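K.L.:
After the structure tokens below, expect a handful of questions from me.
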Amino acid sequence: MTERGTRPAVWQTCTITEIVEQTPSIKSYFLQLSRPFTYMAGQHVDVRLTAPDGYVAMRSYSIASAPSASDVIELAIERLPDGEVSPFFHDVAAMGDEIELRGPIGGHFLWPERPSAPILLIGAGSGVVPLMAMLRHRRDLAQSVPTALLLSSRTERDVLFRDELLSLETADPNFELALAITRESPRRTTDFGRRIDSAMVAEVIGRLPGMPEHVFACGSNPFVNIAADGALMAGLDASIIKTERYGG
Amino acid sequence: MVTRGFFGRNSGGDEADRIPPGQHVVDHWPVLTAGPTPRIETADWKFTLKIGPKPVKVWNWSEFNALPKTKMTRDIHCVTTWSKLNTAWEGVTIDDILADAGVERLTEFMLAHCFDGYSTNVPLADLASGKAMVALNYEGQPLARDHGGPARLLVPHLYFWKSAKWINGLQFTERDEPGFWELRGYHIYGDPWREQRYTND
């Protein structure tokens, strides 16, 4: 048995074609692949930076763009105050720079091939990136599978892809967006003005027309634990809950 | 290829020769798990040794804790590129588990099984001879749930996905049977010093 998404990945050089400031701490980097690959929504790439003395720093970043025929992929990178790679991207990287990466990687946290039963997505901060790839893929294929996204951010300005998500919700009756804004009052009555908890997860599940058969949760370990426990307490089976937690 | 404007935080210190290629040292301990974090009470805990489909011996928590304990301080390396140095563990070596069951080298390969359905394959040669243990304590404390408590496999010389959390059994297999991540694009063996991260690396 071999799962989806297991083809070997080779290193390639890509070029930064565009940088977009998305939130005060997150920028999108559009990368032109020199060796285009097909990928699935939810997969990531490894990025490799090399110093003049040969020192190498490597990190994984989820792909935010939807699978398509394009040879440009989008990564959304949050600036981590004590980081090594993310400050390079935020402070140094410029359009035209060449970056090495390999991908696609990951055969678990993947949007199902032909989804029919409801899907629950739960993310915090830049944890929405792989979920955004899933939502964009769903939109591009005009899939009508009922889907809800519970997205936690500090403030409204920190909501990554906020305008796109709001437009998507307006345009698609089968997509529910629930924001959890932790450090200010939310603007919409359907959003939450507190940190994630089990009651919130249960309420968002209740906005779907049926019990979800797939749950994807992505964020910090404590956040993902609360999200997954909330889904379990709502009666969902552990086997349908896929999680991705920030690395180190 | 040198990346324009990147100089990195190359420690270059005494520890540089302990850090495999592409890894960086962390002081904290990141948690990575593919699903919900299971809750396993020690009253419900059991560990099964199998040969193929056949159970050979089952230990409950107190029986397992009565086995000889071994301490090990090792560097650990996660495929997501963090490494943590000098991690201090205590547990039961695979040698002592096999000895208690009266079993010797039956096949060349083992598959570790876990309460959450996770599995990972490790050759017996990498588990025996004091190389690996089922760890019960970390830094003198019971292993935390987030890190695989009550018990996890510890195979410190391989990428850390091989050190399966929430372990509940070891199984001798005739062939090297790929486990959870090995079926999902990760390397069958996972040696950090040879950067065996993904299939065919």
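Residue numbering restarts at 1 for every chain of the structure tokens, chains are lettered A, B, ... in their displayed order, and ligands are numbered from 1 as they appear.
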From a backbone DSSP assignment, name each residue in segment 3-232 of chain A labelled helix (DSSP H, G or I), as a ChimeraX atom specification.

P.N.:
/A:86-91,125-140,156-158,162-171,198-206,221-232

K.L.:
Using only C-alpha atoms, which chain B residues lie at most 10 Å away from chain A, written as a PyMOL selection string?

P.N.:
chain B and resi 1-12+21-38+78-83+116-117+146+178+180-187+198-201

K.L.:
Select, from B:Lys165, B:Lys84, B:Arg105, B:His147, the residue with the minimum atom-to-atom distance to Ile51 of chain B, counting only C-alpha atoms.

P.N.:
B:Arg105

K.L.:
Could you tell me how far atom CA of Ala76 of chain A sits from atom CA of Thr147 of chain A, in Å to one decimal place?

P.N.:
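It comes out at 22.2 Å.
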
K.L.:
Leaving out Pro142 of chain B and any residue of its chain fewer than 4 positions from it, which residues lie within 12 Å of it when counting only C-alpha atoms, given as number ranges by chain?

P.N.:
B: 42, 65, 88-91, 135-138, 146-152

K.L.:
Which value, in Å to one decimal, gives the distance between atom CA of Asp158 of chain A and atom CA of Ala180 of chain A?

P.N.:
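Taking atom CA of Asp158 of chain A as the start and atom CA of Ala180 of chain A as the end point, the length is 11.2 Å.
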
K.L.:
List every residue of segment 62-101 of chain B that DSSP, applied to the backbone of this structure, assigns to strand (DSSP E), and report them as a VMD selection string.

P.N.:
chain B and resid 70 to 77 82 to 93

K.L.:
Figure out the distance between atom CA of Thr38 of chain A and atom CA of Ala69 of chain A, please, to one decimal in Å.

P.N.:
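Answer for the atom CA of Ala69 of chain A to atom CA of Thr38 of chain A separation: 7.8 Å.
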
K.L.:
Pick the closest to Met132 of chain A from A:Leu208, A:Ile119, A:Ala171, A:Leu165: which is it, counting only C-alpha atoms?

P.N.:
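Of A:Leu208, A:Ile119, A:Ala171, A:Leu165, the one nearest Met132 of chain A, counting only C-alpha atoms, is A:Leu165.
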
K.L.:
I'd like the contact shell of Ile205 of chain A - 9 Å cut-off, only C-alpha atoms, skipping same-chain residues fewer than 4 positions apart - returned as a PyMOL selection string.

P.N.:
chain A and resi 120+148+200-201+209-212+231+234

K.L.:
Hey, what's within 12 Å of Gln143 of chain A if we count only C-alpha atoms and toss same-chain stuff fewer than 6 positions away? As JSON, numbers by chain, please?

P.N.:
{"A": [111, 112, 113, 114, 115, 116, 117, 118, 119, 134, 135, 136, 137, 172, 173, 174, 175]}
